[in-house]
Amino acid sequence: MMAFWVAALVVLLSGPTTSNAHWTPPQATPHPQIFMPTTFVPIHASPKYVVRRYARQNIAKTSLFALDVKGNEKGELSLKAITSPKKRVKKSTKSSRSKKGKGSIKQNAKKAIPKNQKQSKKKTNLKTTSPTKSNDKEVLLSEEVPSGGIIYIQFSRVFQRHVVYQRHSGIDHDDANPHGTTDKVIQSFEFLDDAIQLFPETRVLAPQDLPFPPPSCSLVYPDENNDGGDRLLVRRGRLIDSDIEEEECETTIAGMGLWTLCELEYDAALNNTNSDKDYHYQQAHEALRTLLQLVSSQSSFTAPRHFFRLDPRRIAMRGHTSESIALNHERIVNLLSCGMDGNDEISKSKTVGLAMDSSDVAFVLQNFPQLCLYNCGELESLVRFLLQPLPLAGSIPSVAIVADRGDDGRANVDWPSLSGNGYGAGLTVDQATSAIRMMPELLALYYEDSRKPSMVYMYNQMMLAPVPPKLIDEATIQLNLEGADPSDAYTFAYLFSLGVSWSQLRILISSLPLWTTSNLEPGWELLQKGPVRSMLKRPSLDYLRQRLQIGPSDIYRLLKTHTRMSTYDASNKMLPTLDMLQSKLVLSSAELRKIMLRMPSIMGMGKSGFDDRLDFFTNEAGMSVDDVKEAVMKQPSLLQYGVSSTLRPKLHFFLEELGISETSVGRIVKSAPAVMGLSLTDNLRPKVVSMMKICSLDPHELGHIISTSPQTLLLSQKSKIEPTLKFLSSVLMLSEPVLGQMVLKTPRVLRQGLETSLAKKIEMLTNNSDSKEAAIAIVCENPALLVASNAVLEDRIERCPEDVDIATWLLPSKKGRRKSFQQSKTELSGDPIIVASDASFGSLTKIFPSITCAAHELDISESAIREACRNVVSIDGNYLYSLTDSPLALPKDPQKAKMPHHTKTIPISIFCSGGIYPSDNADVARGQSRTGGLAIQVFTDGSILDKSQFLQEFSAAANSCLGIHVPRNNDQDESILIAVFPLMSPSRNRCELFSCSASLRICEAFLKTKSNEKETLYDIKVYTESNYAWKLAKSKDHLLELGCYLTSQEMLSHLDVASYLVNIDILHPLVRSFSRLNGHTEPLGSAHQTFGNANVEFLHSMDEITLINGGLSYVRRLTGQAKYAAMW
């Protein structure tokens, strides 16, 4: 039966292969073309060099690829690399290296370069005399590379890193030991461009298992009736077949960036000198038949588990023959069975292996025959790393961090160097043997081979005792396997049952990326986020992992943030978009990864949209490409803002309303790119108007402040700008004009901390002056003292001579002082005019520098503008207001006069806050799992005789409303309530808004117990530090208007905004509770009753606390309690 099955499979494998047009082109093809990763050369073209340049942080690298194109009688082409005519030293072994691809380029390029352009300085393998520069910063090597020997870079498939080796001259290496025992690992890198930046003159060798030419250097045969336009796509500046492009994505090397396989140096022994495709396919089929015979079991009637995944194209690409398969099989059998007991001899012995018997070896090879296709030297390196001892505890801090917390923080440990120094994962031979016996895929060297079988297979086929589900769940939590395939958790739980510690498993996951795979089945969390495929694309996820060097948890977070990424194809979407970003913005691979982790939706951006934004920044905003790159690195969403809807209106705001020069706008975008994402009507203009009013400044003076310190616009109006200005005005006893001049001279004073910086500096000056008035005079004379660090000011005061007055000593130096602000050439007559879309002036649509400008712009008379400002009437739908007028007196709602009379009023103040854990981090992918918490504190005055009884009743009401309560550590303050955020998708805004809603629900439950107290009015004020929650709830009239809608959909339809912007699932309950507490009539169909003994309003926390007496610390402490609840 077995013989019959083998014979049938042999016939199948030896059948025609014309279905694969990529590998079996038509015999008669007129005018074929060669398509390379740089350009294409027609058949009639003479041999020439194809040039491609790389610019990496002032390092220009030119890659030349020499082609020898010939046509034979059949119209076929032969492609080969032109070798250098220099004589080479003859080697005794056939595996000697000759320069292929880029290697021959370097030597041939020397002849083409004129003598006057050649460098006079002798080239060395490593530039140690002058450091290279990256982003205008010096990059120094940690240690000097030892002299003598050849320095080369080669990719390690075990660690998925680019390793820099030093090979001593005269040493030969075979395929089983590609790097040799004498090759020293100097350093390894995640990305190839980082390695080349530090080692610019080093040879870059292709992996041992890639023969020349690689798959991306292929022949394209256009159809006679079609020029191939539907299949040929423009990628990386060249025309290439879409099939080949897809293959390039599947066979890419991790961390290659913009490099292609054609630009590496290849082993001459692996060069496919025979150009006959049929010949290569015949060899591949023979090799596949040999592999089947070697790994098949005589007692089994089933094919090997992975056998039908083996593609003859893949075998032909790697240059395998029957002889090479047989040789590899012999070496693999020896590797799996030659192990010794104990780890003490591992580092001393050159021979390393596992301790399997013959049946176990046959079982492993039958279930994972891909091992016979791998490079034996790589497999030996993997096994050696598993068995080598762990470093001493605490001896290497980065390894200790990984062992303790995992690699989520990107510790970037140099694992190949550690392995070269004799350190590893510390597994015993028995543990490693049992692990590989259970899961042979742990030896995989390619992403497409690393996917483990299902747990059903483990239970049924492996005949293993089931791993307890609790242990699998613990492995998921301990190892942070979010987004990984369930079989990974099962595998690591099994290893833990063998005695491998969690610390060792964290090291294995961090050092061996192929040990984890992405889960292809989207869970409920992804499905409820947005449109997502029912089954994720494995090639796309694998390509993204290799291109960005990220793990399954990062992939899962990217999908949660941008679910449409599940539909993107690696070759047609991901690769061209990433290439476009990296090439046009001159990004390193690490910088590209950082951008993608923070804003994965950029991957869906088209070329035209990117070009429009880049054109805006370079032409209209006056920025260079380097400036755009720096801004995008700070704020990746800058590439997604609409040009006409977001970017250009802010440009006009800076130029026209604030009078900022065109040269300064680019500096604002570069220094504070997040400004471009803030709302003009609800954020930027209200901030500017608030500062103009408090400091008596005109718009152009505010423009000077912003151009000098762009980060000012990123400060919170209610939590930072207004408290700081009020603090300076009260403590320094400054009038509005004097305060404005101080801020105009020293704009950075607004960015200083109140209690940690400003208050301490003023106290320091007061203690060293005759009086507080003298200290105030010193600050007014030299405001720059307030922006110096505390240590600098203290040192300057201590250095004051005894015979010199402190006020004289601290006078500003006249050397190098900036010129004071020069008024704009445009005359500003009159007062600034503010334009809003509603009478509450919550959203500002325009700021005119003067009433004359407003009259000219609106095409009305100045008297009509003054009349509209006084009476608060609209002109063509616009409400006008002058800053010099008295505060707005808005018409009161007559409905408020209908409140019943109460003989007693009890004030209640509720401070609420929300927090999340972990906080946002620019180095961690968005979409990571978070938890939320909320903290509520209640106060009342002396009108309540028994405060303890009141707090008990209020706490009992909270227990019936809130979910999980968090115990407080050594804090017996009964006025503070801490709970866990109970809803999905916790964020800072959602937690803050929910704390406000929870406060109202507690008030409702509390007032239900006081329903018989008709004569008592509970005046409730809810304070929040969140600007987001305050803006949604600050207008009492607006909340009461929305409270008449029973359902959330009705309410949302009257908001004219998307639900995710207002979090309607939280806002709707808040508004309904607010309406009932204020006695507003309930809509039809409501089962709730209104309250007639309460008056509720929302205020910002900064409107109530006193800044001088530690009020700010109190608010910060409550925020810390909310974060503690999230961490709990």
# chains A, B, ... in the order shown; residues from 1 in each chain; ligands from 1
call {"tool": "residues_around", "arguments": {"residues": "segment 467-476 of chain A", "least_positions_apart": "4", "cutoff": "12 Å", "atoms": "only C-alpha atoms", "output": "ChimeraX atom specification"}}
result
/A:455,458-459,463,480-498,500-503,505-506,516,553
call {"tool": "write_last_selection", "arguments": {"atoms": "N, CA, C and O atoms", "output": "compact mmCIF listing (two decimals), in the first residue's frame"}}
result
# COMPACT_ATOMS: atom_id res chain seq x y z
N MET A 455 -4.44 22.57 18.44
CA MET A 455 -4.37 21.83 19.69
C MET A 455 -5.06 20.47 19.57
O MET A 455 -4.74 19.54 20.32
N MET A 458 -2.44 18.15 18.69
CA MET A 458 -1.58 17.83 19.83
C MET A 458 -2.23 16.77 20.71
O MET A 458 -1.56 15.86 21.21
N TYR A 459 -3.53 16.89 20.90
CA TYR A 459 -4.22 15.93 21.75
C TYR A 459 -4.29 14.54 21.09
O TYR A 459 -4.05 13.52 21.72
N MET A 463 -0.36 12.18 21.34
CA MET A 463 -0.58 11.28 22.46
C MET A 463 -0.01 11.85 23.75
O MET A 463 0.65 11.16 24.53
N ASN A 480 2.63 37.51 27.87
CA ASN A 480 2.02 38.56 27.05
C ASN A 480 1.81 38.07 25.63
O ASN A 480 2.31 38.64 24.66
N LEU A 481 1.02 37.01 25.50
CA LEU A 481 0.78 36.39 24.20
C LEU A 481 -0.48 36.96 23.54
O LEU A 481 -1.19 36.23 22.84
N GLU A 482 -0.75 38.22 23.76
CA GLU A 482 -1.89 38.86 23.11
C GLU A 482 -1.70 38.85 21.60
O GLU A 482 -0.68 39.28 21.08
N GLY A 483 -2.68 38.35 20.89
CA GLY A 483 -2.61 38.30 19.43
C GLY A 483 -1.88 37.10 18.88
O GLY A 483 -1.82 36.93 17.66
N ALA A 484 -1.31 36.24 19.74
CA ALA A 484 -0.60 35.05 19.27
C ALA A 484 -1.58 33.91 19.06
O ALA A 484 -2.68 33.89 19.60
N ASP A 485 -1.15 32.95 18.28
CA ASP A 485 -1.98 31.79 18.02
C ASP A 485 -2.16 30.98 19.30
O ASP A 485 -1.24 30.88 20.12
N PRO A 486 -3.36 30.40 19.51
CA PRO A 486 -3.57 29.62 20.75
C PRO A 486 -2.58 28.47 20.92
O PRO A 486 -2.27 28.09 22.05
N SER A 487 -2.08 27.94 19.81
CA SER A 487 -1.11 26.85 19.93
C SER A 487 0.20 27.33 20.57
O SER A 487 0.92 26.52 21.16
N ASP A 488 0.52 28.62 20.47
CA ASP A 488 1.72 29.12 21.13
C ASP A 488 1.58 29.02 22.64
O ASP A 488 2.51 28.59 23.33
N ALA A 489 0.44 29.44 23.16
CA ALA A 489 0.23 29.36 24.61
C ALA A 489 0.28 27.91 25.08
O ALA A 489 0.85 27.61 26.15
N TYR A 490 -0.29 27.00 24.29
CA TYR A 490 -0.25 25.58 24.66
C TYR A 490 1.20 25.09 24.67
O TYR A 490 1.61 24.36 25.58
N THR A 491 1.98 25.48 23.66
CA THR A 491 3.37 25.02 23.58
C THR A 491 4.19 25.51 24.76
O THR A 491 4.93 24.74 25.39
N PHE A 492 4.06 26.78 25.10
CA PHE A 492 4.85 27.34 26.20
C PHE A 492 4.37 26.81 27.55
O PHE A 492 5.18 26.65 28.47
N ALA A 493 3.08 26.54 27.67
CA ALA A 493 2.59 25.91 28.89
C ALA A 493 3.19 24.51 29.05
O ALA A 493 3.54 24.09 30.16
N TYR A 494 3.31 23.81 27.93
CA TYR A 494 3.93 22.48 27.98
C TYR A 494 5.41 22.59 28.38
O TYR A 494 5.91 21.79 29.18
N LEU A 495 6.12 23.58 27.84
CA LEU A 495 7.52 23.77 28.21
C LEU A 495 7.65 24.10 29.70
O LEU A 495 8.59 23.67 30.37
N PHE A 496 6.70 24.90 30.22
CA PHE A 496 6.73 25.22 31.64
C PHE A 496 6.54 23.96 32.48
O PHE A 496 7.15 23.79 33.54
N SER A 497 5.69 23.04 31.99
CA SER A 497 5.49 21.78 32.71
C SER A 497 6.74 20.91 32.68
O SER A 497 6.91 20.04 33.54
N LEU A 498 7.64 21.17 31.72
CA LEU A 498 8.90 20.43 31.66
C LEU A 498 9.95 20.99 32.60
O LEU A 498 11.05 20.42 32.72
N VAL A 500 10.86 24.47 32.44
CA VAL A 500 11.40 25.73 31.90
C VAL A 500 10.68 26.88 32.60
O VAL A 500 9.43 26.93 32.61
N SER A 501 11.41 27.80 33.17
CA SER A 501 10.81 28.89 33.94
C SER A 501 10.20 29.94 33.02
O SER A 501 10.50 29.99 31.82
N TRP A 502 9.35 30.78 33.60
CA TRP A 502 8.75 31.88 32.82
C TRP A 502 9.83 32.83 32.33
O TRP A 502 9.72 33.38 31.23
N SER A 503 10.86 33.05 33.13
CA SER A 503 11.95 33.95 32.71
C SER A 503 12.66 33.38 31.48
O SER A 503 12.97 34.12 30.54
N LEU A 505 11.36 31.36 29.28
CA LEU A 505 10.43 31.45 28.15
C LEU A 505 10.36 32.87 27.60
O LEU A 505 10.26 33.05 26.38
N ARG A 506 10.43 33.88 28.47
CA ARG A 506 10.44 35.26 27.97
C ARG A 506 11.70 35.51 27.15
O ARG A 506 11.66 36.22 26.14
N THR A 516 6.84 32.48 17.93
CA THR A 516 5.46 32.93 18.08
C THR A 516 4.88 33.25 16.71
O THR A 516 5.61 33.70 15.81
N SER A 553 1.83 40.49 19.22
CA SER A 553 1.08 41.45 20.04
C SER A 553 0.99 42.80 19.35
O SER A 553 -0.05 43.47 19.39
call {"tool": "residues_around", "arguments": {"residues": "Phe654 of chain A", "least_positions_apart": "2", "cutoff": "12 Å", "atoms": "only C-alpha atoms", "output": "PyMOL selection string"}}
result
chain A and resi 621+647-652+656-669+675-676+680+684-685+688+699-700+702-707+710+713+846-847
call {"tool": "write_last_selection", "arguments": {"atoms": "N, CA and C atoms", "output": "tab-separated table (two decimals), in the first residue's frame"}}
result
chain	number	residue	atom	x	y	z
A	621	ALA	N	3.85	75.72	3.44
A	621	ALA	CA	4.34	75.97	4.80
A	621	ALA	C	5.82	76.28	4.84
A	647	LEU	N	-5.41	71.51	7.37
A	647	LEU	CA	-4.09	72.12	7.33
A	647	LEU	C	-4.12	73.56	6.83
A	648	ARG	N	-4.76	73.78	5.69
A	648	ARG	CA	-4.76	75.12	5.11
A	648	ARG	C	-5.51	76.14	5.97
A	649	PRO	N	-6.67	75.80	6.59
A	649	PRO	CA	-7.29	76.78	7.49
A	649	PRO	C	-6.39	77.20	8.65
A	650	LYS	N	-5.60	76.29	9.19
A	650	LYS	CA	-4.70	76.68	10.28
A	650	LYS	C	-3.55	77.54	9.76
A	651	LEU	N	-3.12	77.27	8.54
A	651	LEU	CA	-2.10	78.13	7.95
A	651	LEU	C	-2.62	79.56	7.81
A	652	HIS	N	-3.85	79.71	7.34
A	652	HIS	CA	-4.45	81.05	7.23
A	652	HIS	C	-4.64	81.68	8.60
A	656	GLU	N	-2.97	85.19	8.80
A	656	GLU	CA	-3.90	86.31	8.71
A	656	GLU	C	-4.38	86.81	10.06
A	657	GLU	N	-4.76	85.91	10.95
A	657	GLU	CA	-5.34	86.34	12.23
A	657	GLU	C	-4.28	86.68	13.27
A	658	LEU	N	-3.15	85.97	13.26
A	658	LEU	CA	-2.11	86.23	14.26
A	658	LEU	C	-0.92	86.97	13.70
A	659	GLY	N	-0.88	87.20	12.40
A	659	GLY	CA	0.19	87.98	11.80
A	659	GLY	C	1.55	87.33	11.87
A	660	ILE	N	1.61	86.01	11.90
A	660	ILE	CA	2.89	85.29	11.94
A	660	ILE	C	3.47	85.23	10.53
A	661	SER	N	4.78	85.40	10.43
A	661	SER	CA	5.44	85.40	9.12
A	661	SER	C	5.43	83.99	8.54
A	662	GLU	N	5.59	83.90	7.22
A	662	GLU	CA	5.58	82.60	6.55
A	662	GLU	C	6.76	81.74	6.97
A	663	THR	N	7.89	82.37	7.26
A	663	THR	CA	9.06	81.59	7.68
A	663	THR	C	8.88	80.97	9.06
A	664	SER	N	8.04	81.60	9.90
A	664	SER	CA	7.84	81.08	11.25
A	664	SER	C	6.79	79.99	11.31
A	665	VAL	N	5.92	79.90	10.30
A	665	VAL	CA	4.88	78.88	10.31
A	665	VAL	C	5.50	77.49	10.24
A	666	GLY	N	6.51	77.33	9.38
A	666	GLY	CA	7.17	76.03	9.28
A	666	GLY	C	7.82	75.63	10.59
A	667	ARG	N	8.35	76.61	11.32
A	667	ARG	CA	8.96	76.29	12.62
A	667	ARG	C	7.89	75.86	13.61
A	668	ILE	N	6.72	76.44	13.55
A	668	ILE	CA	5.64	76.03	14.45
A	668	ILE	C	5.24	74.58	14.18
A	669	VAL	N	5.08	74.24	12.90
A	669	VAL	CA	4.69	72.87	12.55
A	669	VAL	C	5.79	71.89	12.93
A	675	VAL	N	-0.27	70.78	16.98
A	675	VAL	CA	-1.14	71.97	16.85
A	675	VAL	C	-2.02	71.85	15.62
A	676	MET	N	-1.50	71.23	14.57
A	676	MET	CA	-2.26	71.14	13.32
A	676	MET	C	-3.48	70.23	13.46
A	680	LEU	N	-9.78	74.54	15.47
A	680	LEU	CA	-9.66	76.00	15.43
A	680	LEU	C	-10.75	76.67	16.26
A	684	LEU	N	-7.96	76.29	19.57
A	684	LEU	CA	-6.92	77.29	19.32
A	684	LEU	C	-7.42	78.72	19.54
A	685	ARG	N	-8.52	79.08	18.91
A	685	ARG	CA	-9.01	80.46	19.06
A	685	ARG	C	-9.43	80.76	20.50
A	688	VAL	N	-6.26	81.56	22.42
A	688	VAL	CA	-5.70	82.86	22.05
A	688	VAL	C	-6.54	83.98	22.66
A	699	PRO	N	-3.80	90.45	18.77
A	699	PRO	CA	-3.51	89.17	18.09
A	699	PRO	C	-2.09	89.04	17.58
A	700	HIS	N	-1.51	90.13	17.09
A	700	HIS	CA	-0.15	90.03	16.55
A	700	HIS	C	0.87	89.81	17.65
A	702	LEU	N	0.20	88.10	20.35
A	702	LEU	CA	0.04	86.66	20.61
A	702	LEU	C	0.76	85.85	19.55
A	703	GLY	N	0.74	86.33	18.29
A	703	GLY	CA	1.48	85.65	17.23
A	703	GLY	C	2.96	85.59	17.51
A	704	HIS	N	3.52	86.65	18.10
A	704	HIS	CA	4.93	86.64	18.46
A	704	HIS	C	5.20	85.61	19.55
A	705	ILE	N	4.33	85.52	20.53
A	705	ILE	CA	4.50	84.53	21.60
A	705	ILE	C	4.48	83.12	21.04
A	706	ILE	N	3.55	82.86	20.13
A	706	ILE	CA	3.41	81.52	19.58
A	706	ILE	C	4.58	81.17	18.67
A	707	SER	N	5.04	82.13	17.87
A	707	SER	CA	6.18	81.86	17.00
A	707	SER	C	7.45	81.65	17.80
A	710	PRO	N	6.14	77.73	20.23
A	710	PRO	CA	4.97	77.08	19.62
A	710	PRO	C	4.26	76.10	20.56
A	713	LEU	N	0.62	76.59	22.44
A	713	LEU	CA	-0.71	76.21	21.95
A	713	LEU	C	-1.09	74.79	22.34
A	846	LYS	N	-13.69	83.28	14.08
A	846	LYS	CA	-12.78	84.26	13.48
A	846	LYS	C	-12.31	85.22	14.55
A	847	ILE	N	-11.08	85.69	14.40
A	847	ILE	CA	-10.53	86.75	15.25
A	847	ILE	C	-10.05	87.88	14.34
call {"tool": "closest_residue", "arguments": {"among": "A:Ile910, A:Val352, A:Met596, A:Leu292", "to": "Pro369 of chain A", "atoms": "only C-alpha atoms"}}
result
A:Leu292
call {"tool": "select_by_dssp", "arguments": {"residues": "segment 910-961 of chain A", "states": "helix (DSSP H, G or I)", "output": "JSON, numbers by chain"}}
result
{"A": [947, 948, 949, 950, 951, 952, 953, 954, 955, 956, 957, 958, 959, 960, 961]}
call {"tool": "write_last_selection", "arguments": {"atoms": "all heavy atoms", "output": "CSV table (one decimal), in the first residue's frame"}}
result
chain,number,residue,atom,x,y,z
A,947,LYS,N,-21.6,65.1,59.5
A,947,LYS,CA,-20.9,64.8,58.3
A,947,LYS,C,-20.7,63.3,58.1
A,947,LYS,O,-20.7,62.8,57.0
A,947,LYS,CB,-19.6,65.6,58.2
A,947,LYS,CG,-19.9,67.1,58.0
A,947,LYS,CD,-18.5,67.8,57.8
A,947,LYS,CE,-18.7,69.3,57.6
A,947,LYS,NZ,-17.4,70.0,57.3
A,948,SER,N,-20.4,62.7,59.2
A,948,SER,CA,-20.1,61.2,59.2
A,948,SER,C,-21.3,60.5,58.7
A,948,SER,O,-21.2,59.6,57.8
A,948,SER,CB,-19.6,60.7,60.5
A,948,SER,OG,-19.4,59.3,60.5
A,949,GLN,N,-22.5,60.8,59.1
A,949,GLN,CA,-23.7,60.2,58.7
A,949,GLN,C,-23.9,60.5,57.2
A,949,GLN,O,-24.3,59.6,56.4
A,949,GLN,CB,-24.9,60.7,59.5
A,949,GLN,CG,-26.2,60.1,59.1
A,949,GLN,CD,-26.3,58.6,59.3
A,949,GLN,OE1,-25.6,58.1,60.2
A,949,GLN,NE2,-27.2,57.9,58.6
A,950,PHE,N,-23.7,61.7,56.8
A,950,PHE,CA,-23.8,62.1,55.4
A,950,PHE,C,-22.9,61.2,54.5
A,950,PHE,O,-23.3,60.7,53.4
A,950,PHE,CB,-23.5,63.6,55.2
A,950,PHE,CG,-23.4,64.0,53.7
A,950,PHE,CD1,-24.5,64.1,52.9
A,950,PHE,CD2,-22.1,64.2,53.2
A,950,PHE,CE1,-24.3,64.5,51.6
A,950,PHE,CE2,-21.9,64.6,51.9
A,950,PHE,CZ,-23.0,64.7,51.1
A,951,LEU,N,-21.6,61.1,54.9
A,951,LEU,CA,-20.7,60.3,54.1
A,951,LEU,C,-21.1,58.9,54.0
A,951,LEU,O,-20.9,58.2,53.0
A,951,LEU,CB,-19.3,60.5,54.7
A,951,LEU,CG,-18.6,61.9,54.5
A,951,LEU,CD1,-17.3,61.9,55.2
A,951,LEU,CD2,-18.5,62.3,53.1
A,952,GLN,N,-21.6,58.3,55.1
A,952,GLN,CA,-22.0,56.9,55.1
A,952,GLN,C,-23.2,56.7,54.1
A,952,GLN,O,-23.2,55.7,53.4
A,952,GLN,CB,-22.4,56.5,56.5
A,952,GLN,CG,-21.3,56.4,57.5
A,952,GLN,CD,-21.7,55.9,58.9
A,952,GLN,OE1,-22.9,55.6,59.1
A,952,GLN,NE2,-20.7,55.9,59.8
A,953,GLU,N,-24.1,57.7,54.2
A,953,GLU,CA,-25.3,57.6,53.2
A,953,GLU,C,-24.8,57.7,51.8
A,953,GLU,O,-25.3,57.0,50.9
A,953,GLU,CB,-26.3,58.6,53.6
A,953,GLU,CG,-27.0,58.4,54.9
A,953,GLU,CD,-27.9,59.5,55.3
A,953,GLU,OE1,-28.0,60.5,54.5
A,953,GLU,OE2,-28.7,59.4,56.3
A,954,PHE,N,-23.9,58.6,51.6
A,954,PHE,CA,-23.4,58.8,50.2
A,954,PHE,C,-22.6,57.6,49.7
A,954,PHE,O,-22.7,57.2,48.6
A,954,PHE,CB,-22.5,60.1,50.2
A,954,PHE,CG,-22.3,60.6,48.8
A,954,PHE,CD1,-23.2,61.5,48.2
A,954,PHE,CD2,-21.2,60.3,48.0
A,954,PHE,CE1,-23.0,62.0,46.9
A,954,PHE,CE2,-21.0,60.7,46.8
A,954,PHE,CZ,-21.9,61.6,46.2
A,955,SER,N,-21.8,57.0,50.6
A,955,SER,CA,-21.1,55.8,50.3
A,955,SER,C,-22.0,54.6,50.0
A,955,SER,O,-21.7,53.8,49.1
A,955,SER,CB,-20.1,55.5,51.4
A,955,SER,OG,-19.4,54.3,51.1
A,956,ALA,N,-23.1,54.5,50.8
A,956,ALA,CA,-24.1,53.5,50.5
A,956,ALA,C,-24.7,53.6,49.1
A,956,ALA,O,-24.9,52.6,48.4
A,956,ALA,CB,-25.1,53.4,51.6
A,957,ALA,N,-25.0,54.9,48.8
A,957,ALA,CA,-25.5,55.1,47.4
A,957,ALA,C,-24.5,54.8,46.3
A,957,ALA,O,-24.9,54.2,45.3
A,957,ALA,CB,-26.0,56.6,47.3
A,958,ALA,N,-23.3,55.0,46.6
A,958,ALA,CA,-22.2,54.7,45.6
A,958,ALA,C,-22.1,53.2,45.5
A,958,ALA,O,-21.8,52.7,44.4
A,958,ALA,CB,-20.9,55.3,46.0
A,959,ASN,N,-22.2,52.5,46.5
A,959,ASN,CA,-22.1,51.0,46.5
A,959,ASN,C,-23.2,50.4,45.6
A,959,ASN,O,-23.0,49.4,45.0
A,959,ASN,CB,-22.2,50.4,47.9
A,959,ASN,CG,-21.0,50.7,48.7
A,959,ASN,OD1,-19.9,51.0,48.2
A,959,ASN,ND2,-21.2,50.8,50.0
A,960,SER,N,-24.3,51.0,45.5
A,960,SER,CA,-25.4,50.5,44.7
A,960,SER,C,-25.3,50.9,43.2
A,960,SER,O,-26.0,50.4,42.4
A,960,SER,CB,-26.8,51.0,45.2
A,960,SER,OG,-26.9,52.4,45.1
A,961,CYS,N,-24.4,51.9,42.9
A,961,CYS,CA,-24.2,52.4,41.6
A,961,CYS,C,-23.0,51.9,40.9
A,961,CYS,O,-23.0,51.6,39.7
A,961,CYS,CB,-24.3,53.9,41.6
A,961,CYS,SG,-25.8,54.6,42.1
call {"tool": "select_by_dssp", "arguments": {"residues": "segment 985-1113 of chain A", "states": "strand (DSSP E)", "output": "PyMOL selection string"}}
result
chain A and resi 1016-1024+1094-1100
call {"tool": "write_last_selection", "arguments": {"atoms": "N, CA and C atoms", "output": "short mmCIF file (atom, residue, chain, number, x, y, z; two decimals), in the first residue's frame"}}
result
data_model
loop_
_atom_site.label_atom_id
_atom_site.label_comp_id
_atom_site.auth_asym_id
_atom_site.auth_seq_id
_atom_site.Cartn_x
_atom_site.Cartn_y
_atom_site.Cartn_z
N THR A 1016 -35.75 71.18 51.47
CA THR A 1016 -34.29 71.26 51.39
C THR A 1016 -33.85 71.20 49.92
N LEU A 1017 -33.00 72.14 49.55
CA LEU A 1017 -32.44 72.17 48.19
C LEU A 1017 -30.98 71.73 48.25
N TYR A 1018 -30.66 70.72 47.48
CA TYR A 1018 -29.27 70.23 47.38
C TYR A 1018 -28.62 70.88 46.17
N ASP A 1019 -27.72 71.82 46.47
CA ASP A 1019 -26.99 72.54 45.41
C ASP A 1019 -25.70 71.76 45.11
N ILE A 1020 -25.72 71.02 44.00
CA ILE A 1020 -24.64 70.09 43.67
C ILE A 1020 -23.79 70.67 42.55
N LYS A 1021 -22.50 70.74 42.80
CA LYS A 1021 -21.53 71.19 41.79
C LYS A 1021 -20.54 70.05 41.55
N VAL A 1022 -20.44 69.63 40.30
CA VAL A 1022 -19.55 68.54 39.90
C VAL A 1022 -18.34 69.15 39.20
N TYR A 1023 -17.16 68.88 39.73
CA TYR A 1023 -15.92 69.45 39.19
C TYR A 1023 -15.12 68.35 38.48
N THR A 1024 -14.60 68.69 37.32
CA THR A 1024 -13.76 67.76 36.57
C THR A 1024 -12.53 68.50 36.05
N ALA A 1094 -33.12 69.52 43.78
CA ALA A 1094 -31.70 69.54 43.43
C ALA A 1094 -31.43 70.54 42.32
N ASN A 1095 -30.26 71.06 42.35
CA ASN A 1095 -29.75 71.95 41.29
C ASN A 1095 -28.32 71.54 41.00
N VAL A 1096 -28.04 71.08 39.78
CA VAL A 1096 -26.74 70.50 39.42
C VAL A 1096 -26.13 71.31 38.30
N GLU A 1097 -24.82 71.50 38.36
CA GLU A 1097 -24.08 72.12 37.26
C GLU A 1097 -22.65 71.59 37.28
N PHE A 1098 -22.01 71.64 36.11
CA PHE A 1098 -20.63 71.17 35.94
C PHE A 1098 -19.70 72.36 35.88
N LEU A 1099 -18.56 72.24 36.54
CA LEU A 1099 -17.53 73.27 36.54
C LEU A 1099 -16.18 72.62 36.36
N HIS A 1100 -15.21 73.41 35.96
CA HIS A 1100 -13.84 72.91 35.87
C HIS A 1100 -13.17 73.00 37.23
#
call {"tool": "residues_around", "arguments": {"residues": "Met605 of chain A", "least_positions_apart": "6", "cutoff": "9 Å", "atoms": "only C-alpha atoms", "output": "PyMOL selection string"}}
result
chain A and resi 577+639-640
call {"tool": "closest_residue", "arguments": {"among": "A:Ile936, A:Leu1000, A:Val779, A:Val628", "to": "Thr766 of chain A", "atoms": "only C-alpha atoms"}}
result
A:Val779
call {"tool": "closest_residue", "arguments": {"among": "A:Ser913, A:Ser156, A:Ser840, A:Ser987", "to": "Ser1101 of chain A", "atoms": "only C-alpha atoms"}}
result
A:Ser913
